[in-house]
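Structure file input.cif (mmCIF, C-alpha atoms and all ligand atoms) follows.
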data_entry
#
loop_
_atom_site.label_atom_id
_atom_site.label_comp_id
_atom_site.auth_asym_id
_atom_site.auth_seq_id
_atom_site.Cartn_x
_atom_site.Cartn_y
_atom_site.Cartn_z
CA MET A 1487 83.51 86.18 37.04
CA MET A 1488 82.34 83.60 34.53
CA THR A 1489 84.43 80.48 33.97
CA VAL A 1490 84.45 78.81 30.59
CA GLU A 1491 85.04 75.07 30.51
CA ALA A 1492 87.25 73.67 27.80
CA PRO A 1493 85.35 71.46 25.36
CA PRO A 1494 85.96 67.71 25.81
CA LYS A 1495 88.80 66.38 23.73
CA VAL A 1496 87.64 64.33 20.79
CA ASP A 1497 89.38 61.06 20.04
CA LYS A 1498 90.91 60.99 16.57
CA GLY A 1499 92.41 57.58 17.14
CA ARG A 1500 91.54 54.40 18.98
CA VAL A 1501 94.11 52.32 20.81
CA ALA A 1502 93.40 48.62 21.19
CA ILE A 1503 95.58 46.94 23.81
CA ASN A 1504 95.60 43.19 24.29
CA ARG A 1505 96.09 43.08 28.05
CA GLU A 1506 97.11 39.41 28.05
CA ILE A 1507 99.91 39.95 25.51
CA CYS A 1508 101.15 43.24 26.96
CA LYS A 1509 104.30 42.86 29.11
CA GLY A 1510 103.80 46.13 30.99
CA CYS A 1511 107.14 47.58 29.87
CA GLY A 1512 105.68 51.09 29.74
CA LEU A 1513 107.39 52.10 26.49
CA CYS A 1514 104.07 53.08 24.94
CA VAL A 1515 103.25 55.19 28.01
CA GLU A 1516 106.54 57.05 27.64
CA ALA A 1517 106.09 57.45 23.90
CA CYS A 1518 102.69 59.11 24.09
CA ALA A 1519 103.14 62.88 24.04
CA LEU A 1520 99.51 63.40 25.06
CA HIS A 1521 99.84 61.20 28.17
CA VAL A 1522 96.69 59.25 27.48
CA LEU A 1523 98.23 55.86 28.28
CA ALA A 1524 99.08 54.43 31.69
CA LEU A 1525 99.92 51.11 33.28
CA SER A 1526 96.97 49.46 34.95
CA HIS A 1527 96.90 48.71 38.68
CA GLU A 1528 95.51 45.31 37.76
CA ILE A 1529 97.67 42.43 36.56
CA ASN A 1530 97.19 40.10 33.63
CA ARG A 1531 97.54 36.32 33.75
CA PHE A 1532 101.36 36.58 33.53
CA GLY A 1533 101.57 39.03 36.41
CA TYR A 1534 102.28 42.13 34.33
CA HIS A 1535 100.52 45.47 34.70
CA PRO A 1536 99.17 46.05 31.19
CA ALA A 1537 98.90 49.40 29.49
CA VAL A 1538 95.47 51.00 29.41
CA TYR A 1539 93.96 53.95 27.60
CA GLN A 1540 92.97 56.68 30.00
CA GLY A 1541 91.01 59.78 29.31
CA HIS A 1542 90.32 61.28 25.94
CA GLY A 1543 92.20 62.92 23.14
CA CYS A 1544 94.20 60.22 21.35
CA ASN A 1545 95.18 61.72 18.00
CA GLY A 1546 96.03 58.43 16.31
CA CYS A 1547 99.71 59.33 15.83
CA ALA A 1548 100.74 55.68 16.42
CA LEU A 1549 103.93 56.56 18.33
CA CYS A 1550 102.84 54.04 20.96
CA PHE A 1551 102.45 51.37 18.28
CA TYR A 1552 106.01 51.89 17.01
CA ALA A 1553 107.40 51.95 20.56
CA CYS A 1554 105.83 48.63 21.51
CA PRO A 1555 108.20 45.64 21.28
CA GLU A 1556 105.42 43.07 21.63
CA PRO A 1557 103.75 42.06 18.36
CA ALA A 1558 99.97 42.29 18.58
CA ALA A 1559 99.97 43.84 22.05
CA LEU A 1560 98.88 47.25 20.81
CA GLU A 1561 97.15 48.49 17.68
CA VAL A 1562 96.09 52.00 16.67
CA TYR A 1563 93.14 52.85 14.46
CA LYS A 1564 92.66 56.26 12.93
CA LEU A 1565 89.07 57.38 13.37
CA GLU A 1566 87.11 59.11 10.64
CA ALA A 1567 86.64 62.85 11.16
S1 LIG B 1601 98.19 56.95 19.02
FE1 LIG B 1601 99.50 58.67 19.72
S2 LIG B 1601 98.12 59.95 20.99
FE2 LIG B 1601 97.13 57.92 20.75
S3 LIG B 1601 97.76 56.77 22.57
FE3 LIG B 1601 99.23 56.29 20.92
S4 LIG B 1601 100.94 57.75 21.17
FE4 LIG B 1601 99.18 58.51 22.39
S1 LIG B 1602 104.85 49.02 24.87
FE1 LIG B 1602 103.57 47.22 24.39
S2 LIG B 1602 104.23 45.66 25.85
FE2 LIG B 1602 105.00 47.62 26.61
S3 LIG B 1602 103.38 48.36 28.04
FE3 LIG B 1602 102.92 49.22 26.01
S4 LIG B 1602 101.47 47.76 25.03
FE4 LIG B 1602 102.48 46.72 26.76
#

Now, as a test, write the supplied structure out as structure tokens.
Ligand code: SF4
Ligand code: SF4
Amino acid sequence: MMTVEAPPKVDKGRVAINREICKGCGLCVEACALHVLALSHEINRFGYHPAVYQGHGCNGCALCFYACPEPAALEVYKLEA
């Protein structure tokens, strides 16, 4: 039987996280319906585990941006098709 691999998910958005401003609250992780955000195992200079982008497939919906209580910790850019 032949198996067909799913094509890699294409990013339609780019998430920029400032790891030194992020407080590791995890609200952006919870907000992302595609589960492409996680909290890092590493810590920043304040001892928080910052959010990181993992995998592929961000659609640029910006739900994570609106969930984030820290100004300038997280920005979302919509990528050109
Ligand atoms: S922009 Fe949307 S899909 Fe991309 S990481 Fe944020 S919540 Fe997830
Ligand atoms: S919501 Fe903002 S402060 Fe909280 S983990 Fe995500 S980027 Fe960091």

At a cut-off of 7 Å, can you tabulate as CSV every residue of chain A near ligand LIG 1601 (chain B) together with its closest atom pair and the distance in Å to one decimal, using all atoms listed in the file and ordering rows by chain then number?
residue,atom,partner,partner_atom,distance
A:Gly1499,CA,B:LIG1601,FE2,6.0
A:Arg1500,CA,B:LIG1601,FE2,6.8
A:Val1501,CA,B:LIG1601,S3,6.0
A:Cys1514,CA,B:LIG1601,S4,6.8
A:Ala1517,CA,B:LIG1601,S4,5.8
A:Cys1518,CA,B:LIG1601,S4,3.7
A:Ala1519,CA,B:LIG1601,FE4,6.1
A:Leu1520,CA,B:LIG1601,S2,5.5
A:His1521,CA,B:LIG1601,FE4,6.4
A:Val1522,CA,B:LIG1601,S3,5.6
A:Leu1523,CA,B:LIG1601,S3,5.8
A:Tyr1539,CA,B:LIG1601,S3,6.9
A:Gly1543,CA,B:LIG1601,S2,7.0
A:Cys1544,CA,B:LIG1601,FE2,3.8
A:Asn1545,CA,B:LIG1601,S2,4.6
A:Gly1546,CA,B:LIG1601,S1,3.8
A:Cys1547,CA,B:LIG1601,FE1,4.0
A:Ala1548,CA,B:LIG1601,S1,3.9
A:Leu1549,CA,B:LIG1601,S4,4.3
A:Cys1550,CA,B:LIG1601,S4,4.2
A:Phe1551,CA,B:LIG1601,FE3,6.4
A:Val1562,CA,B:LIG1601,S1,5.9

At most 6 Å from ligand LIG 1602 (chain B) (only C-alpha atoms and all ligand atoms): residue list as a PyMOL selection string: chain A and resi 1508-1514+1536-1537+1553-1556+1559-1560

In Å, rounded to a single decimal, give me how far CA of Arg1505 in chain A is from CA of Ala1524 in chain A.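 According to the coordinates, CA of Ala1524 in chain A and CA of Arg1505 in chain A are separated by 12.3 Å.
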
Point-to-point distance in Å for CA of Gln1540 in chain A and CA of Lys1495 in chain A: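 Atom-to-atom, CA of Lys1495 in chain A and CA of Gln1540 in chain A are spaced 12.3 Å apart.
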
Would you work out the distance separating CA of Arg1531 in chain A from CA of Tyr1563 in chain A, expressed in Å to one decimal?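 Result for CA of Arg1531 in chain A versus CA of Tyr1563 in chain A: 25.8 Å, one decimal.
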
Which is closer to Gly1533 in chain A than all the others in A:Ala1558, A:Thr1489, A:Ile1507, A:Val1515, using all atoms listed in the file? A:Ile1507

Nearest to Ala1567 in chain A by atom-to-atom distance, counting all atoms listed in the file, from A:Asp1497, A:Glu1491, A:Glu1516, A:Glu1528: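 Using all atoms listed in the file, Ala1567 in chain A sits closest to A:Asp1497.
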
Please, what is the axis-aligned box for every listed atom of range 1520-1527 of chain A with 8 Å on each side, as centre and edge lengths in Å to one decimal, as lines of an AutoDock Vina configuration file?
center_x = 98.3
center_y = 56.1
center_z = 31.9
size_x = 19.2
size_y = 30.7
size_z = 29.6

All residues 7 Å or closer to Val1496 in chain A, all atoms listed in the file, same chain fewer than 2 positions away omitted, as a compact mmCIF listing (two decimals) with C-alpha atoms, in the coordinates of the input:
# COMPACT_ATOMS: atom_id res chain seq x y z
CA PRO A 1494 85.96 67.71 25.81
CA LYS A 1498 90.91 60.99 16.57
CA HIS A 1542 90.32 61.28 25.94
CA GLY A 1543 92.20 62.92 23.14
